[in-house]
Structures are given as structure tokens and as C-alpha cells.
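Enquirer: A single structure is presented below for examination.
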Amino acid sequence: MTVPTPHNEARPGEIARTVLMPGDPLRAKYVAEHYLQDPVCFNTVRGMLGYTGTYQGEKLSVMGHGMGVPSVGLYAYELYQFYGVESIIRIGSAGGIGEDVRLRDVVIAMGASTNSHFADQYRFPGQLCATASWPLLRSAVEAAERLGVRANVGQVFTADQFYNDNDEAGRMYRKFGILALEMETAGLYWTAQRLGKQALAILTVSDHIFTGESLPPEERQTSFHEMMEVALETAWKSVKE
């Protein structure tokens, strides 16, 4: 396949080697307008907005990836395979599960357990572990420490459903040390592993499974400044290296 693809109208060279990816395309627009210099929109297909600008003098892109493993897998695959992208950093929301995880905390996903069957396509002779790329993970932890951001580092759970009919699931996830629940990270990590690329998910806790606390939709879009700053610093370092 050549570019543009059926889902991305960008031309060759219009997307940076490192891309930040929120689920919500409006958050991509917000990041571009508030954190990047001279952002230019490269994609509007299906409303999945994408922009390229600069951050501290380095070319950087941001693009939405939608909801769920199939969606993030589709957009990440095309960016990696057809647009020369080397690193993708997911910036998204998650439901807190861990006992020490609080509303608005940052979670850096070292790995992702999941009930998704996305990896079945690889016919891997075993259970393929969905893990972050070490250079990005290390940079994110260092950035959080430098910025004074409270960051929880560990495992998340990538779910195929938002509404779970199993009332016991959350307690089981907590028992195994899962920090947060979300819907995309495993698909991103598997796609990166398959293509020999880099990936990381940096998440903000927008609600908590056990306390019932939650942020309103408008605040989810605009208030995740600490997560964004950690992600931007991580992305900038990946470009520099």
C-alpha cells in the first residue's frame, strides 16, 4: 500500500518520526494548539485529526487513534508501516484500580494484560506479552521525576469492553497488581513489537473503579497537563536520539 492510505490523507514527509496519540481526536487538536509551534493539520479523514508541528525545535506529530484495540491497531500500523514513524506514545485516560492510584494520577504502562484476541493473527506459539519499549519507558520515568509528577509505573489492563457484565473483574485485576483499566495499550504494544518499532502508553486516571470518582468529559479533554508534559518530554528525547 502507498500513501495516502484509506484512513490517513497525509503525504510523505508530513508526519514526524515520533507521534503522540490520544484516543479523542479533539484532544489531538488541543495538544497541537497548546503545545506545538506552527501546527499543520495533515489528516481529517473520518474526523481522526492529525497535526504536525515542532516542540523545542524538533518535529513532532499528534493524531487521534479512536477507541479500542482494533482502532489503535489500524492507525498505529499505518503510521509505522507506511509513514516511517518510529515511536508512538499513547496519551489517554484510564480507570484507576490500584489501591495507591488516585484521580488525576499519571500511570506509565510497563505492560498490558488484556482480554483482546488481537494477537491471534500472529499465530505466536504461546501468550505474547504486550510490553512497552524500554528507551521510551525509561525516558518517561526520568521526565516524570524531573518534572515532579506523581507517576505510577506498572501494568494496566486493556479491555475489549467498556461496560463489563462481570462484577468481579475489577477486584481480580487489583489482586494481580493492575494499576488501571483502559482499552488500547495492548494493541499498540503488540503492533509495535510486530513491526520492530517503539511504543509507550502514558495515562491519566480520569475515574476510579472502586471510589466512584470521575472527571467530567470536558476536563478529560483539557486538564491532563502533567501527562502531556511527561509525554512531550519523552517524545522530544526520542527524536533527539
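How things are named: the first chain in the C-alpha cells is A, the next is B, and so on; residues count from 1 in each chain; ligands count from 1 in the order shown.
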Within 9 Å of range 88-99 of chain A, counting only C-alpha atoms, which residues qualify if same-chain residues fewer than 6 places away don't, as a short mmCIF file (atom, residue, chain, number, x, y, z; two decimals) with all heavy atoms, in the first residue's frame?

Expert:
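Result file follows (result_1.cif):
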data_model
loop_
_atom_site.label_atom_id
_atom_site.label_comp_id
_atom_site.auth_asym_id
_atom_site.auth_seq_id
_atom_site.Cartn_x
_atom_site.Cartn_y
_atom_site.Cartn_z
N ARG A 17 8.67 11.42 12.93
CA ARG A 17 9.08 10.07 13.30
C ARG A 17 8.50 9.63 14.64
O ARG A 17 8.39 8.44 14.93
CB ARG A 17 10.60 9.97 13.34
CG ARG A 17 11.27 10.11 11.97
CD ARG A 17 12.78 10.16 12.08
NE ARG A 17 13.33 8.92 12.64
CZ ARG A 17 13.88 8.83 13.83
NH1 ARG A 17 13.95 9.89 14.61
NH2 ARG A 17 14.37 7.68 14.25
N THR A 18 8.13 10.61 15.47
CA THR A 18 7.51 10.33 16.76
C THR A 18 6.13 10.97 16.79
O THR A 18 5.97 12.15 16.45
CB THR A 18 8.36 10.87 17.92
OG1 THR A 18 9.63 10.20 17.93
CG2 THR A 18 7.67 10.63 19.26
N VAL A 19 5.13 10.19 17.21
CA VAL A 19 3.74 10.66 17.21
C VAL A 19 3.11 10.43 18.58
O VAL A 19 3.20 9.33 19.13
CB VAL A 19 2.90 9.92 16.15
CG1 VAL A 19 1.47 10.44 16.13
CG2 VAL A 19 3.53 10.08 14.76
N LEU A 20 2.49 11.48 19.11
CA LEU A 20 1.66 11.34 20.30
C LEU A 20 0.25 10.97 19.85
O LEU A 20 -0.26 11.54 18.89
CB LEU A 20 1.61 12.65 21.08
CG LEU A 20 2.93 13.22 21.60
CD1 LEU A 20 2.69 14.55 22.30
CD2 LEU A 20 3.60 12.23 22.55
N MET A 21 -0.39 10.02 20.55
CA MET A 21 -1.71 9.57 20.11
C MET A 21 -2.70 9.49 21.28
O MET A 21 -2.66 8.54 22.07
CB MET A 21 -1.61 8.21 19.42
CG MET A 21 -0.81 8.22 18.14
SD MET A 21 -1.13 6.75 17.11
CE MET A 21 -2.66 7.24 16.29
N PRO A 22 -3.62 10.44 21.38
CA PRO A 22 -4.75 10.31 22.29
C PRO A 22 -5.88 9.57 21.59
O PRO A 22 -5.92 9.52 20.36
CB PRO A 22 -5.13 11.76 22.57
CG PRO A 22 -4.79 12.47 21.28
CD PRO A 22 -3.57 11.76 20.73
N GLY A 23 -6.79 9.01 22.34
CA GLY A 23 -7.94 8.37 21.71
C GLY A 23 -8.85 9.38 21.05
O GLY A 23 -9.33 9.17 19.94
N ASP A 24 -9.09 10.48 21.72
CA ASP A 24 -10.00 11.52 21.27
C ASP A 24 -9.31 12.45 20.27
O ASP A 24 -8.33 13.10 20.61
CB ASP A 24 -10.49 12.32 22.48
CG ASP A 24 -11.54 13.36 22.15
OD1 ASP A 24 -11.81 13.59 20.95
OD2 ASP A 24 -12.09 13.95 23.10
N HIS A 65 -6.42 8.19 17.85
CA HIS A 65 -6.43 6.78 17.44
C HIS A 65 -7.77 6.09 17.67
O HIS A 65 -7.93 4.91 17.38
CB HIS A 65 -5.32 5.98 18.12
CG HIS A 65 -5.39 5.92 19.63
ND1 HIS A 65 -6.48 5.45 20.33
CD2 HIS A 65 -4.47 6.26 20.57
CE1 HIS A 65 -6.24 5.48 21.62
NE2 HIS A 65 -5.04 6.00 21.80
N ALA A 76 -2.03 2.83 14.21
CA ALA A 76 -0.61 2.65 14.52
C ALA A 76 0.09 1.87 13.42
O ALA A 76 1.22 2.21 13.04
CB ALA A 76 -0.47 1.92 15.86
N LEU A 79 0.82 4.17 10.50
CA LEU A 79 1.88 5.14 10.81
C LEU A 79 3.25 4.47 10.79
O LEU A 79 4.21 4.99 10.21
CB LEU A 79 1.63 5.78 12.18
CG LEU A 79 0.44 6.75 12.25
CD1 LEU A 79 0.20 7.18 13.70
CD2 LEU A 79 0.67 7.97 11.37
N TYR A 80 3.35 3.31 11.43
CA TYR A 80 4.62 2.59 11.46
C TYR A 80 5.02 2.08 10.07
O TYR A 80 6.18 2.22 9.64
CB TYR A 80 4.52 1.38 12.38
CG TYR A 80 4.52 1.64 13.86
CD1 TYR A 80 3.64 0.94 14.70
CD2 TYR A 80 5.41 2.54 14.44
CE1 TYR A 80 3.65 1.14 16.08
CE2 TYR A 80 5.43 2.74 15.82
CZ TYR A 80 4.55 2.04 16.63
OH TYR A 80 4.56 2.23 17.99
N ASP A 105 -3.87 10.99 38.79
CA ASP A 105 -2.52 10.43 38.78
C ASP A 105 -2.11 10.06 37.36
O ASP A 105 -2.95 9.74 36.50
CB ASP A 105 -2.45 9.15 39.62
CG ASP A 105 -2.14 9.42 41.07
OD1 ASP A 105 -2.03 10.60 41.44
OD2 ASP A 105 -2.02 8.45 41.84
N VAL A 107 -0.20 7.31 35.05
CA VAL A 107 0.19 5.91 35.02
C VAL A 107 1.03 5.66 33.77
O VAL A 107 0.59 5.97 32.65
CB VAL A 107 -1.03 4.97 35.02
CG1 VAL A 107 -0.60 3.52 34.78
CG2 VAL A 107 -1.79 5.08 36.34
N LEU A 136 11.72 4.36 25.71
CA LEU A 136 10.64 5.31 25.98
C LEU A 136 10.20 5.23 27.44
O LEU A 136 9.93 6.26 28.08
CB LEU A 136 9.44 5.03 25.07
CG LEU A 136 9.63 5.27 23.57
CD1 LEU A 136 8.34 4.94 22.82
CD2 LEU A 136 10.04 6.71 23.29
N VAL A 156 -1.13 -2.27 33.21
CA VAL A 156 -2.53 -1.89 33.03
C VAL A 156 -3.28 -3.07 32.43
O VAL A 156 -2.68 -4.07 32.04
CB VAL A 156 -2.66 -0.65 32.10
CG1 VAL A 156 -1.90 0.54 32.69
CG2 VAL A 156 -2.18 -0.95 30.69
N GLY A 170 -12.95 -6.22 38.37
CA GLY A 170 -12.10 -5.19 38.96
C GLY A 170 -11.32 -5.69 40.16
O GLY A 170 -10.12 -5.39 40.31
N ARG A 171 -11.95 -6.46 41.03
CA ARG A 171 -11.27 -6.99 42.20
C ARG A 171 -10.17 -7.98 41.82
O ARG A 171 -9.11 -8.03 42.45
CB ARG A 171 -12.28 -7.64 43.15
CG ARG A 171 -13.07 -6.63 43.97
CD ARG A 171 -13.96 -7.32 44.99
NE ARG A 171 -15.15 -7.86 44.35
CZ ARG A 171 -16.26 -7.15 44.13
NH1 ARG A 171 -16.30 -5.89 44.48
NH2 ARG A 171 -17.31 -7.70 43.54
N TYR A 173 -8.47 -7.87 38.92
CA TYR A 173 -7.39 -7.07 38.36
C TYR A 173 -6.52 -6.49 39.48
O TYR A 173 -5.29 -6.50 39.42
CB TYR A 173 -7.94 -5.92 37.51
CG TYR A 173 -8.75 -6.36 36.31
CD1 TYR A 173 -9.76 -5.53 35.81
CD2 TYR A 173 -8.51 -7.57 35.67
CE1 TYR A 173 -10.50 -5.91 34.70
CE2 TYR A 173 -9.24 -7.95 34.57
CZ TYR A 173 -10.25 -7.12 34.09
OH TYR A 173 -10.99 -7.50 33.01
N ARG A 174 -7.18 -5.95 40.51
CA ARG A 174 -6.43 -5.36 41.63
C ARG A 174 -5.58 -6.42 42.32
O ARG A 174 -4.44 -6.16 42.72
CB ARG A 174 -7.39 -4.70 42.62
CG ARG A 174 -6.71 -4.21 43.88
CD ARG A 174 -7.65 -3.52 44.85
NE ARG A 174 -7.87 -2.13 44.49
CZ ARG A 174 -8.44 -1.24 45.31
NH1 ARG A 174 -8.85 -1.61 46.50
NH2 ARG A 174 -8.60 0.01 44.93
N LYS A 175 -6.11 -7.62 42.47
CA LYS A 175 -5.38 -8.69 43.15
C LYS A 175 -4.06 -8.99 42.45
O LYS A 175 -3.07 -9.38 43.09
CB LYS A 175 -6.25 -9.96 43.20
CG LYS A 175 -5.64 -11.12 43.97
CD LYS A 175 -6.52 -12.35 43.90
CE LYS A 175 -7.85 -12.14 44.60
NZ LYS A 175 -8.65 -13.41 44.66
N GLY A 177 -2.25 -6.78 40.85
CA GLY A 177 -1.39 -5.61 40.79
C GLY A 177 -1.64 -4.68 39.63
O GLY A 177 -0.79 -3.82 39.32
N ILE A 178 -2.76 -4.84 38.94
CA ILE A 178 -3.08 -3.95 37.83
C ILE A 178 -3.32 -2.54 38.38
O ILE A 178 -4.06 -2.35 39.35
CB ILE A 178 -4.35 -4.43 37.08
CG1 ILE A 178 -4.13 -5.85 36.53
CG2 ILE A 178 -4.72 -3.46 35.97
CD1 ILE A 178 -3.09 -5.96 35.46
N LEU A 179 -2.72 -1.54 37.74
CA LEU A 179 -2.85 -0.16 38.20
C LEU A 179 -4.09 0.53 37.66
O LEU A 179 -4.72 1.32 38.35
CB LEU A 179 -1.62 0.65 37.79
CG LEU A 179 -0.28 0.21 38.37
CD1 LEU A 179 0.84 1.10 37.83
CD2 LEU A 179 -0.31 0.25 39.89
N ALA A 180 -4.42 0.24 36.40
CA ALA A 180 -5.51 0.97 35.75
C ALA A 180 -6.10 0.16 34.61
O ALA A 180 -5.46 -0.74 34.06
CB ALA A 180 -5.02 2.32 35.23
N LEU A 181 -7.32 0.52 34.25
CA LEU A 181 -8.06 -0.16 33.20
C LEU A 181 -8.27 0.80 32.02
O LEU A 181 -8.66 1.95 32.21
CB LEU A 181 -9.42 -0.59 33.76
CG LEU A 181 -10.42 -1.26 32.83
CD1 LEU A 181 -9.93 -2.63 32.41
CD2 LEU A 181 -11.78 -1.36 33.52
N GLU A 182 -7.99 0.31 30.80
CA GLU A 182 -8.18 1.13 29.59
C GLU A 182 -8.47 0.21 28.43
O GLU A 182 -8.73 -0.97 28.63
CB GLU A 182 -7.01 2.08 29.38
CG GLU A 182 -5.63 1.42 29.38
CD GLU A 182 -5.27 0.86 28.03
OE1 GLU A 182 -4.95 1.64 27.12
OE2 GLU A 182 -5.27 -0.38 27.87
N MET A 183 -8.43 0.72 27.18
CA MET A 183 -8.93 -0.08 26.07
C MET A 183 -8.00 -0.16 24.84
O MET A 183 -8.43 -0.67 23.81
CB MET A 183 -10.30 0.46 25.62
CG MET A 183 -11.37 0.37 26.68
SD MET A 183 -13.00 0.95 26.11
CE MET A 183 -13.41 -0.31 24.91
N GLU A 184 -6.76 0.31 24.94
CA GLU A 184 -5.94 0.36 23.72
C GLU A 184 -4.50 -0.11 23.84
O GLU A 184 -3.89 -0.52 22.85
CB GLU A 184 -5.92 1.79 23.15
CG GLU A 184 -7.22 2.29 22.58
CD GLU A 184 -8.16 2.88 23.60
OE1 GLU A 184 -7.66 3.32 24.67
OE2 GLU A 184 -9.37 2.91 23.36
N THR A 185 -3.90 -0.03 25.01
CA THR A 185 -2.45 -0.17 25.13
C THR A 185 -1.91 -1.49 24.59
O THR A 185 -0.89 -1.51 23.88
CB THR A 185 -2.01 0.02 26.59
OG1 THR A 185 -2.32 1.36 26.99
CG2 THR A 185 -0.53 -0.22 26.77
N LEU A 188 -1.54 -1.41 20.83
CA LEU A 188 -0.42 -0.58 20.40
C LEU A 188 0.90 -1.29 20.62
O LEU A 188 1.76 -1.31 19.72
CB LEU A 188 -0.43 0.74 21.18
CG LEU A 188 0.78 1.64 20.96
CD1 LEU A 188 0.90 2.06 19.50
CD2 LEU A 188 0.70 2.87 21.87
N ALA A 192 3.61 -2.49 17.70
CA ALA A 192 4.99 -2.02 17.69
C ALA A 192 5.98 -3.18 17.73
O ALA A 192 6.98 -3.19 16.99
CB ALA A 192 5.23 -1.09 18.89
N LYS A 197 9.13 -1.55 16.14
CA LYS A 197 9.07 -0.12 16.44
C LYS A 197 8.97 0.09 17.95
O LYS A 197 9.02 -0.86 18.74
CB LYS A 197 7.86 0.51 15.75
CG LYS A 197 7.81 0.28 14.25
CD LYS A 197 8.86 1.10 13.51
CE LYS A 197 8.68 0.97 12.00
NZ LYS A 197 9.53 1.93 11.24
N GLN A 198 8.82 1.35 18.36
CA GLN A 198 8.74 1.68 19.78
C GLN A 198 7.36 2.20 20.15
O GLN A 198 6.71 2.89 19.34
CB GLN A 198 9.80 2.72 20.15
CG GLN A 198 11.22 2.22 20.01
CD GLN A 198 12.21 3.10 20.77
OE1 GLN A 198 12.08 3.33 21.97
NE2 GLN A 198 13.20 3.60 20.05
N ALA A 199 6.92 1.89 21.37
CA ALA A 199 5.61 2.35 21.83
C ALA A 199 5.60 2.47 23.34
O ALA A 199 6.30 1.74 24.05
CB ALA A 199 4.52 1.38 21.38
N LEU A 200 4.78 3.39 23.81
CA LEU A 200 4.59 3.59 25.24
C LEU A 200 3.21 4.21 25.45
O LEU A 200 2.74 4.98 24.62
CB LEU A 200 5.66 4.53 25.81
CG LEU A 200 5.57 4.83 27.31
CD1 LEU A 200 5.86 3.57 28.13
CD2 LEU A 200 6.53 5.95 27.70
N ALA A 201 2.58 3.87 26.58
CA ALA A 201 1.32 4.50 26.96
C ALA A 201 1.52 5.25 28.27
O ALA A 201 2.02 4.69 29.25
CB ALA A 201 0.22 3.46 27.12
N ILE A 202 1.16 6.54 28.25
CA ILE A 202 1.18 7.38 29.45
C ILE A 202 -0.25 7.85 29.66
O ILE A 202 -0.83 8.49 28.79
CB ILE A 202 2.14 8.57 29.27
CG1 ILE A 202 3.54 8.09 28.90
CG2 ILE A 202 2.19 9.41 30.55
CD1 ILE A 202 4.52 9.24 28.59
N LEU A 203 -0.81 7.50 30.80
CA LEU A 203 -2.24 7.68 31.02
C LEU A 203 -2.52 8.53 32.24
O LEU A 203 -1.74 8.56 33.19
CB LEU A 203 -2.90 6.30 31.21
CG LEU A 203 -2.54 5.25 30.15
CD1 LEU A 203 -2.95 3.87 30.63
CD2 LEU A 203 -3.18 5.58 28.82
N THR A 204 -3.66 9.21 32.22
CA THR A 204 -4.15 9.94 33.39
C THR A 204 -5.39 9.25 33.92
O THR A 204 -6.28 8.88 33.14
CB THR A 204 -4.46 11.40 33.05
OG1 THR A 204 -3.26 12.08 32.71
CG2 THR A 204 -5.10 12.11 34.23
N VAL A 205 -5.47 9.07 35.22
CA VAL A 205 -6.62 8.43 35.84
C VAL A 205 -7.79 9.42 35.84
O VAL A 205 -7.77 10.42 36.55
CB VAL A 205 -6.29 7.96 37.27
CG1 VAL A 205 -7.53 7.38 37.94
CG2 VAL A 205 -5.16 6.93 37.23
N SER A 206 -8.79 9.13 35.02
CA SER A 206 -9.94 10.02 34.87
C SER A 206 -11.11 9.60 35.74
O SER A 206 -12.04 10.39 35.96
CB SER A 206 -10.40 10.04 33.41
OG SER A 206 -10.76 8.73 32.99
N ASP A 207 -11.08 8.35 36.22
CA ASP A 207 -12.11 7.88 37.14
C ASP A 207 -11.52 6.71 37.92
O ASP A 207 -10.47 6.18 37.55
CB ASP A 207 -13.37 7.45 36.40
CG ASP A 207 -13.10 6.43 35.32
OD1 ASP A 207 -13.14 5.23 35.61
OD2 ASP A 207 -12.82 6.85 34.16
N HIS A 208 -12.16 6.34 39.00
CA HIS A 208 -11.64 5.24 39.81
C HIS A 208 -12.71 4.17 39.98
O HIS A 208 -13.83 4.48 40.38
CB HIS A 208 -11.15 5.73 41.17
CG HIS A 208 -10.14 4.81 41.79
ND1 HIS A 208 -10.49 3.59 42.33
CD2 HIS A 208 -8.79 4.93 41.93
CE1 HIS A 208 -9.40 2.99 42.80
NE2 HIS A 208 -8.35 3.77 42.57
N ILE A 209 -12.34 2.94 39.66
CA ILE A 209 -13.29 1.84 39.66
C ILE A 209 -13.89 1.61 41.06
O ILE A 209 -15.06 1.27 41.19
CB ILE A 209 -12.60 0.54 39.17
CG1 ILE A 209 -11.95 0.75 37.79
CG2 ILE A 209 -13.59 -0.61 39.13
CD1 ILE A 209 -12.89 1.21 36.73
N PHE A 210 -13.09 1.82 42.09
CA PHE A 210 -13.54 1.47 43.44
C PHE A 210 -14.08 2.66 44.23
O PHE A 210 -14.97 2.48 45.07
CB PHE A 210 -12.39 0.80 44.21
CG PHE A 210 -12.03 -0.55 43.67
CD1 PHE A 210 -10.97 -0.70 42.80
CD2 PHE A 210 -12.76 -1.68 44.00
CE1 PHE A 210 -10.64 -1.94 42.28
CE2 PHE A 210 -12.44 -2.92 43.49
CZ PHE A 210 -11.38 -3.06 42.62
N THR A 211 -13.57 3.87 43.98
CA THR A 211 -14.06 5.02 44.74
C THR A 211 -15.26 5.68 44.08
O THR A 211 -16.00 6.43 44.72
CB THR A 211 -12.96 6.08 44.91
OG1 THR A 211 -12.65 6.66 43.63
CG2 THR A 211 -11.70 5.46 45.52
N SER A 214 -14.86 10.57 39.35
CA SER A 214 -14.65 10.70 37.91
C SER A 214 -14.55 12.17 37.52
O SER A 214 -15.06 13.05 38.22
CB SER A 214 -15.78 10.04 37.13
OG SER A 214 -17.01 10.69 37.38
N ARG A 220 -11.60 15.94 30.95
CA ARG A 220 -10.76 14.87 30.41
C ARG A 220 -10.00 15.36 29.18
O ARG A 220 -8.87 14.95 28.93
CB ARG A 220 -11.62 13.66 30.03
CG ARG A 220 -12.31 13.00 31.20
CD ARG A 220 -13.10 11.80 30.77
NE ARG A 220 -13.88 11.25 31.87
CZ ARG A 220 -14.15 9.95 32.01
NH1 ARG A 220 -13.71 9.10 31.11
NH2 ARG A 220 -14.87 9.53 33.02
N PHE A 224 -5.32 17.31 31.35
CA PHE A 224 -4.28 16.31 31.59
C PHE A 224 -2.89 16.88 31.32
O PHE A 224 -2.07 16.31 30.62
CB PHE A 224 -4.53 15.08 30.72
CG PHE A 224 -5.83 14.38 31.01
CD1 PHE A 224 -6.34 13.44 30.14
CD2 PHE A 224 -6.54 14.63 32.18
CE1 PHE A 224 -7.53 12.78 30.40
CE2 PHE A 224 -7.72 13.98 32.46
CZ PHE A 224 -8.22 13.04 31.56
N MET A 227 0.36 14.70 32.35
CA MET A 227 0.59 13.60 31.42
C MET A 227 1.17 14.11 30.11
O MET A 227 2.11 13.53 29.55
CB MET A 227 -0.72 12.87 31.16
CG MET A 227 -0.66 11.85 30.02
SD MET A 227 -2.28 11.19 29.58
CE MET A 227 -3.10 12.65 28.91
N MET A 228 0.61 15.19 29.59
CA MET A 228 1.06 15.73 28.32
C MET A 228 2.50 16.21 28.40
O MET A 228 3.29 16.02 27.47
CB MET A 228 0.14 16.87 27.89
CG MET A 228 -1.27 16.42 27.54
SD MET A 228 -2.35 17.81 27.14
CE MET A 228 -3.92 16.97 26.88
N ALA A 231 4.78 13.25 28.42
CA ALA A 231 4.80 12.66 27.07
C ALA A 231 5.61 13.50 26.11
O ALA A 231 6.37 12.97 25.29
CB ALA A 231 3.38 12.48 26.56
N THR A 234 9.26 13.07 26.76
CA THR A 234 9.68 11.75 26.30
C THR A 234 9.79 11.71 24.79
O THR A 234 10.77 11.16 24.23
CB THR A 234 8.68 10.68 26.78
OG1 THR A 234 8.54 10.76 28.20
CG2 THR A 234 9.13 9.29 26.39
N ALA A 235 8.81 12.28 24.12
CA ALA A 235 8.83 12.32 22.65
C ALA A 235 10.00 13.13 22.14
O ALA A 235 10.69 12.74 21.18
CB ALA A 235 7.52 12.90 22.13
#

Enquirer: Pick out each residue of range 155-196 of chain A that DSSP on the backbone tags as strand (DSSP E); I need them as a PyMOL selection string.

Expert: chain A and resi 155-158+180-182

Enquirer: Using only all heavy atoms, please write the residues we just selected to a file, as an mmCIF file, in the first residue's frame.

Expert:
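Saved as out.cif:
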data_model
loop_
_atom_site.group_PDB
_atom_site.id
_atom_site.type_symbol
_atom_site.label_atom_id
_atom_site.label_comp_id
_atom_site.auth_asym_id
_atom_site.auth_seq_id
_atom_site.Cartn_x
_atom_site.Cartn_y
_atom_site.Cartn_z
ATOM 1 N N GLN A 155 1.639 -2.321 35.469
ATOM 2 C CA GLN A 155 0.802 -2.982 34.478
ATOM 3 C C GLN A 155 -0.609 -2.397 34.434
ATOM 4 O O GLN A 155 -1.189 -2.062 35.461
ATOM 5 C CB GLN A 155 0.724 -4.477 34.810
ATOM 6 C CG GLN A 155 0.058 -5.320 33.745
ATOM 7 C CD GLN A 155 0.128 -6.804 34.059
ATOM 8 O OE1 GLN A 155 -0.253 -7.621 33.218
ATOM 9 N NE2 GLN A 155 0.603 -7.173 35.237
ATOM 10 N N VAL A 156 -1.131 -2.273 33.209
ATOM 11 C CA VAL A 156 -2.529 -1.891 33.025
ATOM 12 C C VAL A 156 -3.282 -3.071 32.431
ATOM 13 O O VAL A 156 -2.682 -4.067 32.043
ATOM 14 C CB VAL A 156 -2.665 -0.651 32.104
ATOM 15 C CG1 VAL A 156 -1.900 0.538 32.690
ATOM 16 C CG2 VAL A 156 -2.181 -0.945 30.688
ATOM 17 N N PHE A 157 -4.605 -2.945 32.380
ATOM 18 C CA PHE A 157 -5.411 -3.968 31.719
ATOM 19 C C PHE A 157 -6.141 -3.335 30.548
ATOM 20 O O PHE A 157 -6.865 -2.347 30.710
ATOM 21 C CB PHE A 157 -6.436 -4.595 32.673
ATOM 22 C CG PHE A 157 -7.131 -5.789 32.079
ATOM 23 C CD1 PHE A 157 -6.600 -7.057 32.242
ATOM 24 C CD2 PHE A 157 -8.297 -5.649 31.339
ATOM 25 C CE1 PHE A 157 -7.228 -8.171 31.677
ATOM 26 C CE2 PHE A 157 -8.937 -6.745 30.780
ATOM 27 C CZ PHE A 157 -8.392 -8.017 30.945
ATOM 28 N N THR A 158 -5.946 -3.884 29.363
ATOM 29 C CA THR A 158 -6.615 -3.423 28.150
ATOM 30 C C THR A 158 -7.856 -4.278 27.920
ATOM 31 O O THR A 158 -7.745 -5.468 27.639
ATOM 32 C CB THR A 158 -5.677 -3.520 26.940
ATOM 33 O OG1 THR A 158 -4.532 -2.683 27.146
ATOM 34 C CG2 THR A 158 -6.392 -3.084 25.668
ATOM 35 N N ALA A 180 -4.424 0.243 36.397
ATOM 36 C CA ALA A 180 -5.514 0.974 35.750
ATOM 37 C C ALA A 180 -6.102 0.156 34.609
ATOM 38 O O ALA A 180 -5.457 -0.744 34.061
ATOM 39 C CB ALA A 180 -5.019 2.324 35.233
ATOM 40 N N LEU A 181 -7.317 0.522 34.250
ATOM 41 C CA LEU A 181 -8.064 -0.156 33.196
ATOM 42 C C LEU A 181 -8.273 0.797 32.024
ATOM 43 O O LEU A 181 -8.664 1.950 32.213
ATOM 44 C CB LEU A 181 -9.417 -0.592 33.757
ATOM 45 C CG LEU A 181 -10.421 -1.262 32.825
ATOM 46 C CD1 LEU A 181 -9.927 -2.634 32.412
ATOM 47 C CD2 LEU A 181 -11.782 -1.364 33.519
ATOM 48 N N GLU A 182 -7.990 0.315 30.800
ATOM 49 C CA GLU A 182 -8.184 1.131 29.591
ATOM 50 C C GLU A 182 -8.467 0.210 28.425
ATOM 51 O O GLU A 182 -8.727 -0.973 28.626
ATOM 52 C CB GLU A 182 -7.006 2.078 29.377
ATOM 53 C CG GLU A 182 -5.631 1.422 29.377
ATOM 54 C CD GLU A 182 -5.269 0.856 28.026
ATOM 55 O OE1 GLU A 182 -4.952 1.636 27.125
ATOM 56 O OE2 GLU A 182 -5.269 -0.383 27.867
#

Enquirer: Check the smallest atom-to-atom distance from each of A:Tyr83, A:Arg123, A:Glu233, A:Gly53 to Ala144 in chain A using only C-alpha atoms, then report the winner.

Expert: A:Glu233

Enquirer: Counting only C-alpha atoms, figure out which residue out of A:Gly57, A:Gly68, A:Gly148, A:Gly13 gets nearest to Phe42 in chain A.

Expert: A:Gly13

Enquirer: Quote the spacing between CA of Glu86 in chain A and CA of Ala186 in chain A in Å to one decimal place.

Expert: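 Between CA of Glu86 in chain A and CA of Ala186 in chain A the gap works out to 17.5 Å.
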
Enquirer: Which of these residues is nearest to Ile15 in chain A, using only C-alpha atoms: A:Pro39, A:Gly154, A:Pro217, A:Gly187?

Expert: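 Nearest candidate to Ile15 in chain A out of A:Pro39, A:Gly154, A:Pro217, A:Gly187: A:Pro39.
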